[in-house]
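Okay, model.txt is below, compact mmCIF, C-alpha atoms:
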```
# COMPACT_ATOMS: atom_id res chain seq x y z
CA MET A 1 53.14 -36.07 0.72
CA SER A 2 53.85 -35.35 -2.88
CA LEU A 3 51.67 -33.04 -4.93
CA PRO A 4 50.37 -35.72 -7.40
CA ILE A 5 49.08 -37.87 -4.50
CA ILE A 6 47.29 -34.89 -2.96
CA ILE A 7 45.67 -34.09 -6.33
CA ILE A 8 44.51 -37.70 -6.76
CA ILE A 9 43.05 -37.75 -3.23
CA ALA A 10 41.26 -34.45 -3.91
CA ILE A 11 39.80 -35.74 -7.19
CA VAL A 12 38.60 -38.99 -5.59
CA TRP A 13 37.04 -37.09 -2.66
CA LEU A 14 35.32 -34.62 -5.04
CA ALA A 15 33.94 -37.47 -7.18
CA TRP A 16 32.63 -39.24 -4.06
CA PHE A 17 31.07 -36.00 -2.74
CA ILE A 18 29.28 -35.30 -6.04
CA TRP A 19 28.05 -38.89 -6.28
CA LYS A 20 26.83 -38.93 -2.67
CA ASN A 21 24.92 -35.63 -2.95
CA HIS A 22 23.57 -36.08 -6.45
CA GLU A 23 19.76 -35.81 -6.81
CA PRO A 24 18.35 -38.98 -8.43
CA SER A 25 17.50 -38.42 -12.05
CA ALA A 26 13.94 -38.62 -13.35
CA SER A 27 14.84 -41.91 -15.02
CA ALA A 28 15.46 -43.39 -11.56
CA LYS A 29 11.84 -42.71 -10.61
CA PRO A 30 9.10 -45.31 -11.06
CA SER A 31 8.04 -45.99 -14.63
CA ALA A 32 4.41 -46.12 -15.70
CA SER A 33 5.17 -48.10 -18.86
CA ALA A 34 4.80 -51.39 -16.99
CA THR A 35 1.26 -50.47 -15.93
CA GLY A 36 -0.16 -50.82 -19.42
CA ILE A 37 -1.98 -47.48 -19.10
CA ARG A 38 -2.26 -45.35 -22.25
CA ILE A 39 -4.00 -41.99 -22.58
CA ASN A 40 -5.31 -40.82 -25.93
CA ALA A 41 -6.47 -37.37 -26.98
CA SER A 42 -8.95 -36.88 -29.77
CA ASN A 43 -8.59 -33.51 -31.47
CA PRO A 44 -5.66 -32.37 -29.29
CA TYR A 45 -5.12 -29.27 -31.42
CA HIS A 46 -8.73 -28.11 -31.26
CA ASN A 47 -9.13 -26.16 -28.02
CA ASP A 48 -12.92 -26.17 -28.09
CA TYR A 49 -13.22 -29.95 -27.82
CA VAL A 50 -10.66 -32.36 -26.49
CA LYS A 51 -11.61 -35.81 -25.27
CA LEU A 52 -9.04 -37.62 -23.19
CA THR A 53 -9.60 -41.33 -22.76
CA VAL A 54 -7.70 -43.91 -20.76
CA ASN A 55 -7.01 -47.39 -22.09
CA SER A 56 -5.85 -50.05 -19.67
CA ASN A 57 -6.20 -53.79 -19.29
CA GLN A 58 -6.08 -53.37 -15.51
CA PRO A 59 -8.31 -51.41 -13.09
CA TYR A 60 -7.22 -47.80 -12.87
CA ILE A 61 -8.16 -44.51 -11.24
CA ARG A 62 -8.46 -41.41 -13.44
CA PHE A 63 -8.44 -37.84 -12.12
CA ASP A 64 -7.99 -34.31 -13.39
CA ILE A 65 -4.64 -32.80 -12.42
CA ALA A 66 -5.24 -29.83 -10.11
CA GLY A 67 -3.19 -26.63 -10.15
CA CYS A 68 -1.57 -26.94 -13.59
CA ASN A 69 -1.99 -23.22 -14.24
CA TYR A 70 0.03 -22.36 -11.12
CA ARG A 71 3.07 -24.40 -12.13
CA GLY A 72 4.55 -21.91 -14.63
CA ASN A 73 5.56 -22.83 -18.17
CA LEU A 74 4.69 -26.46 -18.86
CA ASN A 75 5.11 -26.33 -22.66
CA GLY A 76 7.94 -28.88 -22.47
CA CYS A 77 5.59 -31.35 -20.79
CA LEU A 78 2.67 -31.28 -23.26
CA GLY A 79 1.20 -34.53 -24.55
CA GLU A 80 1.19 -37.96 -23.00
CA PHE A 81 3.78 -38.49 -20.31
CA GLU A 82 5.02 -41.00 -17.82
CA GLY A 83 5.52 -39.74 -14.32
CA TRP A 84 4.98 -40.46 -10.69
CA LEU A 85 2.93 -39.34 -7.72
CA GLU A 86 4.88 -38.05 -4.76
CA ARG A 87 3.72 -37.01 -1.29
CA GLU A 88 4.29 -33.40 -0.24
CA PRO A 89 3.79 -33.36 3.55
CA ASP A 90 5.24 -29.82 3.86
CA ASN A 91 2.50 -28.32 1.65
CA PRO A 92 1.08 -25.36 3.62
CA HIS A 93 -2.42 -25.83 2.17
CA ASP A 94 -2.83 -29.61 2.47
CA SER A 95 -0.65 -31.85 4.63
CA THR A 96 -1.88 -34.89 2.66
CA ALA A 97 -1.01 -33.33 -0.72
CA VAL A 98 0.20 -35.63 -3.48
CA LYS A 99 1.94 -33.97 -6.39
CA VAL A 100 2.02 -35.19 -9.98
CA MET A 101 5.54 -35.26 -11.40
CA HIS A 102 6.51 -35.43 -15.09
CA SER A 103 9.27 -37.86 -16.11
CA SER A 104 11.49 -34.81 -16.74
CA GLY A 105 11.31 -34.05 -13.02
CA LYS A 106 8.95 -31.09 -13.51
CA HIS A 107 6.12 -30.73 -11.00
CA VAL A 108 2.94 -30.39 -13.13
CA GLY A 109 0.16 -30.32 -10.52
CA TYR A 110 -1.61 -32.23 -7.76
CA VAL A 111 -4.10 -34.96 -7.07
CA PRO A 112 -7.20 -32.82 -6.30
CA ARG A 113 -7.62 -32.14 -2.58
CA ASN A 114 -11.26 -33.23 -2.49
CA TYR A 115 -10.71 -36.28 -4.70
CA ASP A 116 -11.44 -39.71 -3.31
CA GLY A 117 -8.24 -39.70 -1.27
CA ASP A 118 -8.94 -43.13 0.12
CA ARG A 119 -8.27 -44.58 -3.32
CA VAL A 120 -5.38 -42.40 -4.49
CA LYS A 121 -3.68 -40.81 -1.50
CA ASP A 122 -3.78 -43.55 1.13
CA ASN A 123 -2.47 -47.08 1.44
CA HIS A 124 0.10 -46.83 -1.34
CA GLN A 125 3.85 -46.75 -1.61
CA TYR A 126 5.29 -43.46 -2.89
CA PRO A 127 6.64 -42.50 -5.30
CA ARG A 128 3.86 -44.20 -7.27
CA PRO A 129 4.05 -44.54 -11.09
CA CYS A 130 1.38 -42.85 -13.18
CA ARG A 131 0.64 -41.81 -16.73
CA GLY A 132 -0.77 -38.44 -17.67
CA TYR A 133 -1.71 -36.20 -20.53
CA LEU A 134 -1.16 -32.46 -20.44
CA LEU A 135 -2.43 -29.98 -23.00
CA LYS A 136 -2.68 -26.25 -23.37
CA THR A 137 -6.11 -24.78 -24.07
CA ASP A 138 -7.31 -21.21 -24.54
CA SER A 139 -7.93 -20.99 -20.79
CA GLY A 140 -4.57 -22.48 -19.73
CA TYR A 141 -3.11 -25.90 -19.04
CA TYR A 142 -5.32 -28.93 -18.46
CA GLY A 143 -4.26 -32.44 -17.59
CA ILE A 144 -5.50 -35.83 -16.55
CA CYS A 145 -3.66 -38.59 -14.80
CA ALA A 146 -4.25 -42.30 -14.29
CA VAL A 147 -2.80 -44.74 -11.78
CA LEU A 148 -3.46 -48.40 -11.22
CA ALA A 149 -6.19 -49.00 -8.65
```
As structure tokens - that is how I would like this structure written.
Amino acid sequence: MSLPIIIIIAIVWLAWFIWKNHEPSASAKPSASATGIRINASNPYHNDYVKLTVNSNQPYIRFDIAGCNYRGNLNGCLGEFEGWLEREPDNPHDSTAVKVMHSSGKHVGYVPRNYDGDRVKDNHQYPRPCRGYLLKTDSGYYGICAVLA
């Protein structure tokens, strides 16, 4: 076999290998924009009072995002965001854990363990689109999330 043919075969195989093993991008995840959910913050730069409200023309479930302060630096995720909920069956603390993911692919927290799991954690296809709002207060990160009921 000639050298140019071997190089072409190697390039094609490498391209196929990269494509086959590539992690799906955050844009390939479910989008919350079709849900019609919007989250607004009044006074988002005043740490002593922030009111987060959800606006939706469809029934939704709202919950506080648990564990934000354990996720490291979330400054790139502040403000309203689209994301998705994803099961985490290998979680050592909760085998029914559902994590909240930012559209950038960053894990920002969890659906609270003691939350009404029947409505959020069960009977749904995952990943499940959601919309959230994350802010930084004097005591750390705080976020809410909303999904269609």
Distance query segment 140-149 of chain A at most 6 Å, all atoms listed in the file, self and fewer than 3 positions along chain excluded, as a CSV table (one decimal) with C-alpha atoms, keeping the file's coordinate frame:
```csv
chain,number,residue,atom,x,y,z
A,59,PRO,CA,-8.3,-51.4,-13.1
A,60,TYR,CA,-7.2,-47.8,-12.9
A,61,ILE,CA,-8.2,-44.5,-11.2
A,62,ARG,CA,-8.5,-41.4,-13.4
A,63,PHE,CA,-8.4,-37.8,-12.1
A,64,ASP,CA,-8.0,-34.3,-13.4
A,65,ILE,CA,-4.6,-32.8,-12.4
A,68,CYS,CA,-1.6,-26.9,-13.6
A,69,ASN,CA,-2.0,-23.2,-14.2
A,130,CYS,CA,1.4,-42.8,-13.2
A,131,ARG,CA,0.6,-41.8,-16.7
A,132,GLY,CA,-0.8,-38.4,-17.7
A,133,TYR,CA,-1.7,-36.2,-20.5
A,134,LEU,CA,-1.2,-32.5,-20.4
A,135,LEU,CA,-2.4,-30.0,-23.0
A,136,LYS,CA,-2.7,-26.2,-23.4
A,137,THR,CA,-6.1,-24.8,-24.1
```
Point-to-point distance in Å for atom CA of Pro129 of chain A and atom CA of Ser103 of chain A: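 One can read the atom CA of Ser103 of chain A to atom CA of Pro129 of chain A distance as 9.9 Å.
Atom to atom, atom CA of Tyr110 of chain A and atom CA of Glu88 of chain A stand 9.6 Å apart.
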Find the distance between atom CA of Val98 of chain A and atom CA of Ser139 of chain A and write it in Å to one decimal. 24.1 Å
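In this comparison, which uses only C-alpha atoms, the residue of A:Asp90, A:Tyr126, A:Val108, A:Ala97 approaching Asn73 of chain A most closely is A:Val108.
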Pick the closest to Asn91 of chain A from A:Ile8, A:Asn57, A:Gly72, A:Arg113: which is it, counting only C-alpha atoms?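 The closest residue to Asn91 of chain A is A:Arg113.
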Looking at all atoms listed in the file, which of A:Ala66, A:Ile6, A:Val111, A:Val12 is the one that sits closest to Thr96 of chain A?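 Ranked by minimum distance to Thr96 of chain A, first place goes to A:Val111.
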Where atoms are missing, can you supply all heavy atoms for segment 86-97 of chain A and output the lot as a PDB file, in the coordinates of the input?
```pdb
ATOM      1  N   GLU A  86       3.949 -38.205  -5.867  1.00  0.00           N
ATOM      2  CA  GLU A  86       4.880 -38.050  -4.760  1.00  0.00           C
ATOM      3  C   GLU A  86       4.207 -37.259  -3.643  1.00  0.00           C
ATOM      4  O   GLU A  86       3.589 -36.230  -3.898  1.00  0.00           O
ATOM      5  CB  GLU A  86       6.099 -37.291  -5.294  1.00  0.00           C
ATOM      6  CG  GLU A  86       7.223 -37.098  -4.364  1.00  0.00           C
ATOM      7  CD  GLU A  86       8.391 -36.416  -5.073  1.00  0.00           C
ATOM      8  OE1 GLU A  86       8.909 -36.966  -6.062  1.00  0.00           O
ATOM      9  OE2 GLU A  86       8.752 -35.314  -4.630  1.00  0.00           O
ATOM     10  N   ARG A  87       4.307 -37.736  -2.432  1.00  0.00           N
ATOM     11  CA  ARG A  87       3.720 -37.010  -1.290  1.00  0.00           C
ATOM     12  C   ARG A  87       4.449 -35.689  -1.073  1.00  0.00           C
ATOM     13  O   ARG A  87       5.642 -35.582  -1.325  1.00  0.00           O
ATOM     14  CB  ARG A  87       3.801 -37.845  -0.026  1.00  0.00           C
ATOM     15  CG  ARG A  87       2.878 -39.038  -0.032  1.00  0.00           C
ATOM     16  CD  ARG A  87       2.775 -39.614   1.376  1.00  0.00           C
ATOM     17  NE  ARG A  87       1.973 -40.802   1.405  1.00  0.00           N
ATOM     18  CZ  ARG A  87       0.649 -40.809   1.495  1.00  0.00           C
ATOM     19  NH1 ARG A  87      -0.015 -39.696   1.549  1.00  0.00           N
ATOM     20  NH2 ARG A  87      -0.013 -41.950   1.534  1.00  0.00           N
ATOM     21  N   GLU A  88       3.705 -34.692  -0.585  1.00  0.00           N
ATOM     22  CA  GLU A  88       4.290 -33.400  -0.240  1.00  0.00           C
ATOM     23  C   GLU A  88       3.781 -32.980   1.137  1.00  0.00           C
ATOM     24  O   GLU A  88       2.918 -32.116   1.263  1.00  0.00           O
ATOM     25  CB  GLU A  88       3.924 -32.349  -1.305  1.00  0.00           C
ATOM     26  CG  GLU A  88       4.673 -31.057  -1.155  1.00  0.00           C
ATOM     27  CD  GLU A  88       4.303 -30.047  -2.205  1.00  0.00           C
ATOM     28  OE1 GLU A  88       3.098 -29.819  -2.433  1.00  0.00           O
ATOM     29  OE2 GLU A  88       5.223 -29.473  -2.788  1.00  0.00           O
ATOM     30  N   PRO A  89       4.310 -33.599   2.197  1.00  0.00           N
ATOM     31  CA  PRO A  89       3.790 -33.360   3.550  1.00  0.00           C
ATOM     32  C   PRO A  89       4.023 -31.924   4.048  1.00  0.00           C
ATOM     33  O   PRO A  89       3.345 -31.481   4.970  1.00  0.00           O
ATOM     34  CB  PRO A  89       4.547 -34.369   4.418  1.00  0.00           C
ATOM     35  CG  PRO A  89       5.763 -34.724   3.628  1.00  0.00           C
ATOM     36  CD  PRO A  89       5.399 -34.569   2.183  1.00  0.00           C
ATOM     37  N   ASP A  90       4.961 -31.192   3.438  1.00  0.00           N
ATOM     38  CA  ASP A  90       5.240 -29.820   3.860  1.00  0.00           C
ATOM     39  C   ASP A  90       4.364 -28.793   3.148  1.00  0.00           C
ATOM     40  O   ASP A  90       4.562 -27.592   3.323  1.00  0.00           O
ATOM     41  CB  ASP A  90       6.718 -29.474   3.605  1.00  0.00           C
ATOM     42  CG  ASP A  90       7.641 -30.353   4.431  1.00  0.00           C
ATOM     43  OD1 ASP A  90       7.200 -30.841   5.492  1.00  0.00           O
ATOM     44  OD2 ASP A  90       8.789 -30.553   4.016  1.00  0.00           O
ATOM     45  N   ASN A  91       3.380 -29.251   2.358  1.00  0.00           N
ATOM     46  CA  ASN A  91       2.500 -28.320   1.650  1.00  0.00           C
ATOM     47  C   ASN A  91       1.693 -27.524   2.671  1.00  0.00           C
ATOM     48  O   ASN A  91       1.007 -28.100   3.515  1.00  0.00           O
ATOM     49  CB  ASN A  91       1.559 -29.119   0.730  1.00  0.00           C
ATOM     50  CG  ASN A  91       0.697 -28.237  -0.131  1.00  0.00           C
ATOM     51  OD1 ASN A  91       0.001 -27.351   0.351  1.00  0.00           O
ATOM     52  ND2 ASN A  91       0.736 -28.497  -1.423  1.00  0.00           N
ATOM     53  N   PRO A  92       1.762 -26.179   2.607  1.00  0.00           N
ATOM     54  CA  PRO A  92       1.080 -25.360   3.620  1.00  0.00           C
ATOM     55  C   PRO A  92      -0.449 -25.383   3.512  1.00  0.00           C
ATOM     56  O   PRO A  92      -1.137 -25.018   4.454  1.00  0.00           O
ATOM     57  CB  PRO A  92       1.616 -23.952   3.359  1.00  0.00           C
ATOM     58  CG  PRO A  92       2.090 -23.972   1.955  1.00  0.00           C
ATOM     59  CD  PRO A  92       2.526 -25.378   1.665  1.00  0.00           C
ATOM     60  N   HIS A  93      -0.977 -25.828   2.371  1.00  0.00           N
ATOM     61  CA  HIS A  93      -2.420 -25.830   2.170  1.00  0.00           C
ATOM     62  C   HIS A  93      -3.068 -27.189   2.422  1.00  0.00           C
ATOM     63  O   HIS A  93      -4.270 -27.270   2.657  1.00  0.00           O
ATOM     64  CB  HIS A  93      -2.763 -25.382   0.742  1.00  0.00           C
ATOM     65  CG  HIS A  93      -2.167 -24.058   0.396  1.00  0.00           C
ATOM     66  ND1 HIS A  93      -2.610 -22.878   0.951  1.00  0.00           N
ATOM     67  CD2 HIS A  93      -1.149 -23.725  -0.419  1.00  0.00           C
ATOM     68  CE1 HIS A  93      -1.907 -21.885   0.479  1.00  0.00           C
ATOM     69  NE2 HIS A  93      -0.998 -22.366  -0.354  1.00  0.00           N
ATOM     70  N   ASP A  94      -2.276 -28.265   2.334  1.00  0.00           N
ATOM     71  CA  ASP A  94      -2.830 -29.610   2.470  1.00  0.00           C
ATOM     72  C   ASP A  94      -1.706 -30.557   2.885  1.00  0.00           C
ATOM     73  O   ASP A  94      -0.845 -30.891   2.070  1.00  0.00           O
ATOM     74  CB  ASP A  94      -3.446 -30.045   1.126  1.00  0.00           C
ATOM     75  CG  ASP A  94      -4.066 -31.423   1.175  1.00  0.00           C
ATOM     76  OD1 ASP A  94      -4.097 -32.040   2.260  1.00  0.00           O
ATOM     77  OD2 ASP A  94      -4.526 -31.894   0.120  1.00  0.00           O
ATOM     78  N   SER A  95      -1.726 -30.988   4.126  1.00  0.00           N
ATOM     79  CA  SER A  95      -0.650 -31.850   4.630  1.00  0.00           C
ATOM     80  C   SER A  95      -0.689 -33.252   4.006  1.00  0.00           C
ATOM     81  O   SER A  95       0.278 -33.997   4.103  1.00  0.00           O
ATOM     82  CB  SER A  95      -0.721 -31.968   6.146  1.00  0.00           C
ATOM     83  OG  SER A  95      -1.944 -32.562   6.533  1.00  0.00           O
ATOM     84  N   THR A  96      -1.796 -33.600   3.343  1.00  0.00           N
ATOM     85  CA  THR A  96      -1.880 -34.890   2.660  1.00  0.00           C
ATOM     86  C   THR A  96      -1.696 -34.737   1.152  1.00  0.00           C
ATOM     87  O   THR A  96      -2.035 -35.637   0.393  1.00  0.00           O
ATOM     88  CB  THR A  96      -3.234 -35.584   2.934  1.00  0.00           C
ATOM     89  OG1 THR A  96      -4.282 -34.787   2.376  1.00  0.00           O
ATOM     90  CG2 THR A  96      -3.456 -35.798   4.419  1.00  0.00           C
ATOM     91  N   ALA A  97      -1.157 -33.609   0.711  1.00  0.00           N
ATOM     92  CA  ALA A  97      -1.010 -33.330  -0.720  1.00  0.00           C
ATOM     93  C   ALA A  97      -0.140 -34.380  -1.403  1.00  0.00           C
ATOM     94  O   ALA A  97       0.850 -34.856  -0.856  1.00  0.00           O
ATOM     95  CB  ALA A  97      -0.403 -31.943  -0.931  1.00  0.00           C
TER      96      ALA A  97
END
```
